[in-house]
$ cat input01.txt   # compact mmCIF, C-alpha atoms
# COMPACT_ATOMS: atom_id res chain seq x y z
CA MET A 99 221.97 222.01 12.47
CA PRO A 100 221.71 223.88 15.81
CA GLU A 101 224.95 225.02 17.42
CA THR A 102 225.86 222.96 20.45
CA SER A 103 227.72 224.29 23.42
CA LYS A 104 231.00 222.76 24.45
CA PRO A 105 230.66 220.06 27.09
CA THR A 106 231.75 221.09 30.52
CA ASN A 107 233.75 218.99 32.89
CA PRO A 108 231.63 218.69 36.06
CA SER A 109 234.58 217.21 37.97
CA ALA A 110 236.81 220.24 37.34
CA PRO A 111 237.37 222.11 40.63
CA LYS A 112 235.93 225.59 40.82
CA GLU A 113 238.34 228.42 41.40
CA LYS A 114 238.25 229.58 44.99
CA LYS A 115 236.95 233.01 45.87
CA LEU A 116 239.56 235.70 46.34
CA LEU A 117 239.29 235.89 50.13
CA ASP A 118 239.57 232.10 50.39
CA GLN A 119 242.71 232.23 48.26
CA LEU A 120 244.04 234.98 50.52
CA ARG A 121 243.29 232.87 53.59
CA ASP A 122 245.16 229.90 52.11
CA ASN A 123 248.22 232.02 51.39
CA ILE A 124 248.24 233.47 54.90
CA ARG A 125 248.16 229.95 56.34
CA LEU A 126 250.96 228.85 54.02
CA LYS A 127 253.07 231.58 55.62
CA GLN A 128 251.98 230.20 59.03
CA TYR A 129 250.78 233.59 60.22
CA SER A 130 248.68 233.64 63.39
CA PHE A 131 244.90 233.30 63.26
CA ARG A 132 244.56 236.88 64.54
CA THR A 133 246.70 238.14 61.65
CA GLU A 134 244.58 236.11 59.27
CA LYS A 135 241.38 237.71 60.54
CA THR A 136 242.91 241.20 60.43
CA TYR A 137 244.24 240.84 56.87
CA ILE A 138 240.96 239.47 55.54
CA GLN A 139 239.03 242.27 57.23
CA TRP A 140 241.23 244.97 55.66
CA VAL A 141 241.13 243.44 52.17
CA ARG A 142 237.34 243.19 52.42
CA GLU A 143 237.14 246.87 53.44
CA TYR A 144 239.46 247.84 50.58
CA ILE A 145 237.20 246.07 48.07
CA LEU A 146 233.99 247.51 49.53
CA PHE A 147 235.46 251.03 49.56
CA HIS A 148 235.94 250.74 45.81
CA LYS A 149 232.38 249.49 45.17
CA LYS A 150 233.36 245.80 45.00
CA ARG A 151 235.82 246.18 42.14
CA HIS A 152 238.22 243.27 41.85
CA PRO A 153 241.70 244.17 43.22
CA ARG A 154 243.23 242.81 40.00
CA ASP A 155 241.57 245.73 38.20
CA MET A 156 242.96 248.23 40.70
CA GLY A 157 246.41 249.25 41.79
CA VAL A 158 248.51 252.03 43.27
CA THR A 159 245.94 254.79 42.68
CA GLU A 160 243.17 252.91 44.46
CA ILE A 161 245.44 251.91 47.36
CA ASN A 162 246.44 255.56 47.83
CA GLN A 163 242.77 256.56 47.84
CA PHE A 164 241.91 253.95 50.47
CA ILE A 165 244.79 254.86 52.80
CA THR A 166 243.95 258.55 52.41
CA HIS A 167 240.38 257.70 53.44
CA LEU A 168 241.69 255.96 56.58
CA VAL A 169 243.87 258.91 57.53
CA VAL A 170 241.53 261.80 56.65
CA ASP A 171 238.04 260.42 57.24
CA ARG A 172 238.57 257.75 59.89
CA LYS A 173 241.51 259.36 61.71
CA ALA A 174 243.16 255.95 61.85
CA SER A 175 246.18 255.53 64.13
CA ALA A 176 249.64 254.66 62.82
CA SER A 177 249.27 251.01 63.82
CA THR A 178 245.88 250.76 62.08
CA GLN A 179 247.28 252.27 58.89
CA ASN A 180 250.21 249.85 58.95
CA GLN A 181 247.86 246.89 59.37
CA ALA A 182 245.81 247.95 56.34
CA ILE A 183 248.90 248.59 54.19
CA SER A 184 250.46 245.23 55.12
CA ALA A 185 247.22 243.35 54.35
CA ILE A 186 246.73 244.95 50.94
CA LEU A 187 250.37 244.54 49.89
CA PHE A 188 250.22 240.89 51.00
CA LEU A 189 247.16 240.39 48.79
CA TYR A 190 248.88 241.74 45.69
CA ARG A 191 252.24 240.09 46.28
CA ASN A 192 251.23 236.64 47.52
CA THR A 193 247.71 236.01 46.18
CA LEU A 194 247.41 238.01 42.95
CA LYS A 195 251.14 237.66 42.17
CA ILE A 196 251.26 241.33 41.17
CA GLU A 197 254.35 243.36 42.05
CA LEU A 198 253.28 246.93 42.65
CA ASP A 199 255.52 249.90 42.04
CA GLN A 200 255.73 250.90 45.69
CA SER A 201 257.67 254.04 44.79
CA SER A 202 254.37 255.34 43.35
CA LEU A 203 252.56 254.89 46.64
CA ASN A 204 252.27 258.45 47.91
CA PHE A 205 252.18 257.60 51.59
CA ILE A 206 255.00 256.89 53.98
CA ARG A 207 254.70 254.04 56.41
CA PRO A 208 253.57 255.87 59.55
CA LYS A 209 255.82 255.52 62.58
CA LYS A 210 254.32 254.79 65.95
CA GLY A 211 254.95 257.51 68.48
CA LYS A 212 256.89 256.59 71.59
CA ARG A 213 254.52 255.66 74.40
CA VAL A 214 255.35 255.41 78.08
CA PRO A 215 253.85 252.14 79.39
CA ASN A 216 251.12 252.25 82.00
CA VAL A 217 252.56 250.63 85.13
CA LEU A 218 251.05 249.72 88.49
CA SER A 219 252.91 249.73 91.78
CA VAL A 220 253.41 246.41 93.56
CA GLN A 221 250.64 247.36 95.99
CA GLU A 222 248.27 248.22 93.14
CA VAL A 223 248.98 244.93 91.37
CA ARG A 224 248.21 243.02 94.56
CA ALA A 225 245.03 245.02 95.09
CA VAL A 226 243.74 244.19 91.61
CA ILE A 227 244.62 240.49 91.84
CA SER A 228 243.05 240.21 95.31
CA ASN A 229 239.72 241.24 93.76
CA MET A 230 239.86 238.41 91.22
CA THR A 231 238.82 234.77 91.64
CA GLY A 232 239.16 231.41 89.96
CA GLN A 233 241.11 230.93 86.78
CA TYR A 234 241.05 234.67 85.99
CA LYS A 235 243.01 235.35 89.16
CA LEU A 236 245.51 232.65 88.20
CA MET A 237 245.89 234.14 84.71
CA ALA A 238 246.57 237.59 86.15
CA GLN A 239 249.15 236.14 88.52
CA ILE A 240 250.93 234.43 85.63
CA MET A 241 250.94 237.54 83.43
CA TYR A 242 252.41 239.60 86.26
CA GLY A 243 254.67 236.89 87.68
CA SER A 244 255.99 235.64 84.33
CA GLY A 245 255.62 238.60 81.96
CA LEU A 246 253.34 236.83 79.49
CA ARG A 247 251.27 238.63 76.88
CA LEU A 248 247.51 238.14 76.93
CA MET A 249 247.33 235.56 74.13
CA GLU A 250 250.51 233.80 75.29
CA CYS A 251 248.77 233.20 78.61
CA LEU A 252 245.48 232.04 77.08
CA ARG A 253 247.23 229.67 74.65
CA LEU A 254 249.25 227.87 77.33
CA ARG A 255 248.92 224.09 77.15
CA VAL A 256 249.53 221.54 79.89
CA LYS A 257 252.90 220.52 78.40
CA ASP A 258 254.17 224.13 78.60
CA ILE A 259 254.37 224.12 82.42
CA ASP A 260 257.60 222.71 83.85
CA PHE A 261 256.96 222.37 87.58
CA GLU A 262 260.29 220.67 88.33
CA ASN A 263 262.39 223.50 86.90
CA HIS A 264 259.95 226.28 87.83
CA ARG A 265 259.60 227.54 84.29
CA ILE A 266 257.05 228.22 81.55
CA ILE A 267 257.89 227.51 77.92
CA VAL A 268 256.19 229.99 75.60
CA PHE A 269 255.87 228.42 72.16
CA ASP A 270 255.27 230.50 69.05
CA GLY A 271 255.20 233.85 70.83
CA LYS A 272 255.13 237.20 69.09
CA GLY A 273 257.24 237.00 65.93
CA GLY A 274 257.01 233.19 65.96
CA ASP A 275 259.78 232.80 68.56
CA ASP A 276 259.86 230.42 71.52
CA ARG A 277 261.22 231.49 74.90
CA VAL A 278 261.47 230.40 78.51
CA THR A 279 260.32 232.44 81.51
CA MET A 280 259.94 231.72 85.19
CA LEU A 281 257.04 229.93 86.88
CA PRO A 282 256.54 231.89 90.13
CA ASP A 283 256.62 229.82 93.31
CA GLY A 284 253.39 231.50 94.41
CA VAL A 285 251.34 229.98 91.57
CA ILE A 286 252.61 226.41 91.73
CA ARG A 287 250.05 225.18 94.26
CA PRO A 288 247.02 226.98 92.71
CA MET A 289 248.20 225.87 89.25
CA ARG A 290 248.29 222.21 90.32
CA GLU A 291 244.80 222.54 91.83
CA HIS A 292 243.51 224.24 88.70
CA LEU A 293 245.01 221.55 86.44
CA ALA A 294 243.30 218.85 88.50
CA GLN A 295 239.94 220.53 87.83
CA THR A 296 240.77 221.02 84.16
CA GLN A 297 241.78 217.37 83.78
CA ALA A 298 238.47 216.29 85.32
CA LEU A 299 236.66 218.40 82.73
CA HIS A 300 238.77 216.86 79.96
CA LYS A 301 237.93 213.33 81.14
CA LYS A 302 234.25 214.25 81.15
CA ASP A 303 234.55 215.48 77.55
CA LEU A 304 236.33 212.28 76.53
CA ALA A 305 233.60 210.17 78.12
CA ALA A 306 231.07 212.06 76.00
CA GLY A 307 233.03 211.19 72.84
CA LEU A 308 234.60 214.64 72.64
CA GLY A 309 237.78 215.99 74.27
CA THR A 310 239.63 217.17 71.17
CA VAL A 311 241.63 220.39 70.95
CA GLN A 312 242.90 222.40 68.00
CA MET A 313 246.51 221.50 67.27
CA PRO A 314 249.11 224.09 66.27
CA PHE A 315 250.43 224.13 62.69
CA ALA A 316 249.82 220.70 61.11
CA LEU A 317 250.69 218.55 64.11
CA ASP A 318 247.32 216.79 63.97
CA LYS A 319 248.55 215.10 60.76
CA LYS A 320 251.93 214.20 62.25
CA TYR A 321 250.40 212.99 65.53
CA PRO A 322 246.83 211.91 64.65
CA ALA A 323 245.84 210.97 68.22
CA ALA A 324 247.50 213.89 70.01
CA HIS A 325 244.44 216.17 69.84
CA LYS A 326 242.82 214.10 72.61
CA GLU A 327 245.90 213.77 74.81
CA TRP A 328 245.92 215.59 78.14
CA ILE A 329 249.28 217.33 77.61
CA TRP A 330 247.95 219.19 74.53
CA GLN A 331 244.86 220.59 76.23
CA PHE A 332 244.60 224.31 76.98
CA ILE A 333 245.29 225.15 80.63
CA PHE A 334 242.48 227.69 80.65
CA PRO A 335 239.63 226.00 78.77
CA ALA A 336 236.49 227.80 77.68
CA PRO A 337 233.35 227.03 79.70
CA SER A 338 231.49 225.83 76.59
CA LEU A 339 232.24 223.73 73.54
CA ILE A 340 232.37 225.18 70.02
CA THR A 341 232.05 223.74 66.53
CA ASP A 342 235.11 224.30 64.38
CA PRO A 343 233.76 226.16 61.29
CA GLU A 344 236.31 224.49 59.00
CA THR A 345 236.09 220.86 60.09
CA GLY A 346 232.75 220.71 61.92
CA ILE A 347 234.49 219.06 64.87
CA ILE A 348 233.17 219.98 68.32
CA ARG A 349 236.06 221.19 70.46
CA ARG A 350 236.86 223.02 73.66
CA HIS A 351 238.95 226.10 72.92
CA HIS A 352 240.68 228.35 75.44
CA VAL A 353 238.96 231.18 77.31
CA HIS A 354 238.13 234.15 75.10
CA GLU A 355 240.35 237.18 75.65
CA THR A 356 237.40 239.50 76.28
CA ALA A 357 236.40 237.47 79.35
CA LEU A 358 239.80 238.06 80.97
CA GLN A 359 239.82 241.72 79.94
CA LYS A 360 236.45 242.28 81.60
CA ALA A 361 237.52 240.46 84.76
CA ILE A 362 240.63 242.63 85.09
CA ARG A 363 238.72 245.84 84.41
CA ALA A 364 236.11 244.96 87.06
CA ALA A 365 238.81 244.05 89.60
CA ALA A 366 240.63 247.35 89.01
CA GLN A 367 237.40 249.27 89.57
CA GLN A 368 236.77 247.36 92.80
CA ALA A 369 240.30 248.17 93.94
CA LYS A 370 239.64 251.85 93.09
CA ILE A 371 242.72 252.02 90.84
CA GLU A 372 242.48 255.32 88.98
CA LYS A 373 244.50 254.11 86.00
CA ARG A 374 243.64 252.27 82.82
CA VAL A 375 244.32 248.64 83.70
CA THR A 376 244.46 245.98 80.96
CA PRO A 377 246.05 242.52 80.77
CA HIS A 378 249.15 244.09 79.21
CA THR A 379 249.52 246.36 82.24
CA PHE A 380 250.65 243.29 84.21
CA ARG A 381 253.41 242.63 81.67
CA HIS A 382 254.54 246.26 81.85
CA SER A 383 254.55 246.07 85.65
CA PHE A 384 256.51 242.77 85.57
CA ALA A 385 259.32 244.38 83.54
CA THR A 386 259.42 247.61 85.53
CA HIS A 387 259.48 245.88 88.91
CA LEU A 388 262.30 243.55 87.84
CA LEU A 389 264.39 246.55 86.80
CA GLN A 390 263.55 248.31 90.05
CA ASN A 391 264.82 245.22 91.89
CA GLY A 392 268.18 245.54 90.16
CA TYR A 393 267.94 242.86 87.47
CA ASP A 394 269.98 243.38 84.31
CA ILE A 395 268.06 244.81 81.37
CA ARG A 396 269.35 242.03 79.09
CA THR A 397 267.81 239.45 81.42
CA VAL A 398 264.50 241.29 81.38
CA GLN A 399 264.71 241.53 77.58
CA GLU A 400 265.11 237.75 77.31
CA LEU A 401 262.23 237.04 79.70
CA LEU A 402 259.95 239.39 77.77
CA GLY A 403 260.99 237.98 74.39
CA HIS A 404 262.03 241.34 72.92
CA LYS A 405 264.26 241.05 69.87
CA ASP A 406 265.82 244.47 70.44
CA VAL A 407 266.94 245.81 73.81
CA LYS A 408 265.66 249.24 72.70
CA THR A 409 262.13 247.90 73.17
CA THR A 410 262.94 246.91 76.74
CA MET A 411 264.59 250.29 77.41
CA ILE A 412 261.16 251.95 77.45
CA TYR A 413 260.71 250.63 80.99
CA THR A 414 263.66 252.65 82.26
CA HIS A 415 261.51 255.76 81.74
CA VAL A 416 259.08 254.74 84.46
CA LEU A 417 261.58 253.61 87.06
CA GLN A 418 261.44 255.02 90.56
CA ARG A 419 260.45 258.72 90.63
CA GLY A 420 259.08 259.61 87.20
CA GLY A 421 261.39 261.31 84.70
CA PHE A 422 264.69 259.41 84.98
CA ALA A 423 264.46 259.52 88.82
CA VAL A 424 265.43 263.20 88.73
CA LYS A 425 264.32 265.20 91.75
CA SER A 426 262.08 268.15 90.87
CA PRO A 427 263.45 271.64 91.77
CA LEU A 428 260.11 272.28 93.49
CA ASP A 429 261.04 269.61 96.04
CA SER A 430 264.52 271.02 96.67

$ encode --input "input01.txt" --output "structure tokens"
Amino acid sequence: MPETSKPTNPSAPKEKKLLDQLRDNIRLKQYSFRTEKTYIQWVREYILFHKKRHPRDMGVTEINQFITHLVVDRKASASTQNQAISAILFLYRNTLKIELDQSSLNFIRPKKGKRVPNVLSVQEVRAVISNMTGQYKLMAQIMYGSGLRLMECLRLRVKDIDFENHRIIVFDGKGGDDRVTMLPDGVIRPMREHLAQTQALHKKDLAAGLGTVQMPFALDKKYPAAHKEWIWQFIFPAPSLITDPETGIIRRHHVHETALQKAIRAAAQQAKIEKRVTPHTFRHSFATHLLQNGYDIRTVQELLGHKDVKTTMIYTHVLQRGGFAVKSPLDS
């Protein structure tokens, strides 16, 4: 009698691929989408470097080889090395449930060197902003006037602006913390005008059977209708709709960061600013100018959302006349 194979259960769920398992674990930890993309990229590179061997069949030796490759061959910076190390250790600890003997890892977590922030003068800031238009100008004004990071600005929603109390509530900032910062008087009128235009666009989307926005965390389950409500819409919406790759839902996301970066770079060139100007330069300038105006460093720390005042102290190095405001002997 011929041997028969064991019947399979067609309804049994297939085991997810490793990177999909990794993605699920990152989301369980409620890490940001940018962290998710970065971790998946580094784990993929780690696997490809070792000729597609499964990480379960590798360990400390292979991790050391990969990090050595980053340092020696790719001349990776300290922050890049730390990203790769964090991603790979997360994979082993949280997805593969393997505790590595980290004492056998023959690399030391690289420390970032101290960097003096690139700061513009008040006149330079105004010159750059004056060469910008539309919502990009408004975004630059908010980053400089409120000290927001690039993604904190782009992710602002209608509900985060408190016109009555002249404040902006930053939800889920760096490190997952919320904070409050000021809403400059100078942006209130242009912000109201911009929101009127944005609301008109939202109504047009709703009329077309669209108008949904991605909700943070799992709030779409807690508030099923909120994704179409005006208060949850992004203040700076993208010019075109996108299809969510996970759900297939057509949504309007916020402006892509590269669009703002290009607008700022072009404005700086027009203003003939001979410095490297990025969105973060406005945040650096915000902190430095507040300190120059005599505000307490603890206040500036709170507005910036720094956990440690030592981080804020870096701005004291660029106050007034260069090195600690000491007068050069050449000028004596």

$ residues_around --input "input01.txt" --residues "Ala366 in chain A" --least-positions-apart "5" --cutoff "10 Å" --atoms "only C-alpha atoms" --output "list in words"
Glu222, Val223, Ala225, Val226, Ile227, Ser228, Asn229, Met230, Lys360, Ala361, Ile371, Glu372, Lys373, Arg374, Val375 and Thr376 of chain A

$ closest_residue --input "input01.txt" --among "A:Phe164, A:Tyr413, A:Tyr234, A:Phe188" --to "Arg121 in chain A" --atoms "only C-alpha atoms"
A:Phe188

$ atom_distance --input "input01.txt" --atom1 "CA of Gln359 in chain A" --atom2 "CA of Lys257 in chain A"
25.0 Å

$ residues_around --input "input01.txt" --residues "Leu401 in chain A" --least-positions-apart "2" --cutoff "12 Å" --atoms "only C-alpha atoms" --output "ChimeraX atom specification"
/A:241,243-247,265-268,271,276-281,381,384-385,388,393-399,403-405,407,410

$ atom_distance --input "input01.txt" --atom1 "CA of Lys320 in chain A" --atom2 "CA of Glu250 in chain A"
23.6 Å

$ residues_around --input "input01.txt" --residues "Phe147 in chain A" --least-positions-apart "5" --cutoff "10 Å" --atoms "only C-alpha atoms" --output "VMD selection string"
chain A and resid 141 to 142 160 163 to 164 167

$ atom_distance --input "input01.txt" --atom1 "CA of Val158 in chain A" --atom2 "CA of Leu203 in chain A"
6.0 Å

$ closest_residue --input "input01.txt" --among "A:Leu254, A:Thr231, A:Leu117, A:Lys150" --to "Lys135 in chain A" --atoms "all atoms listed in the file"
A:Leu117

$ closest_residue --input "input01.txt" --among "A:Glu400, A:Asp270, A:Glu327, A:Glu355" --to "Val256 in chain A" --atoms "all atoms listed in the file"
A:Glu327

$ closest_residue --input "input01.txt" --among "A:Leu248, A:Met313, A:Ile362, A:Leu116" --to "Lys326 in chain A" --atoms "only C-alpha atoms"
A:Met313

$ closest_residue --input "input01.txt" --among "A:Tyr242, A:Tyr137, A:Phe269, A:Phe332" --to "Leu218 in chain A" --atoms "only C-alpha atoms"
A:Tyr242

$ closest_residue --input "input01.txt" --among "A:Lys370, A:His382, A:Arg349, A:Lys127" --to "Gly307 in chain A" --atoms "all atoms listed in the file"
A:Arg349

$ residues_around --input "input01.txt" --residues "Met156 in chain A" --least-positions-apart "4" --cutoff "12 Å" --atoms "all atoms listed in the file" --output "ChimeraX atom specification"
/A:144-145,147-152,160-164,186,190,194,196,198

$ residues_around --input "input01.txt" --residues "Asp118 in chain A" --least-positions-apart "6" --cutoff "10 Å" --atoms "all atoms listed in the file" --output "PDB file with C-alpha atoms, keeping the file's coordinate frame"
ATOM      1  CA  ILE A 124     248.240 233.470  54.900  1.00  0.00           C
ATOM      2  CA  ILE A 138     240.960 239.470  55.540  1.00  0.00           C
ATOM      3  CA  THR A 193     247.710 236.010  46.180  1.00  0.00           C
TER       4      THR A 193
END
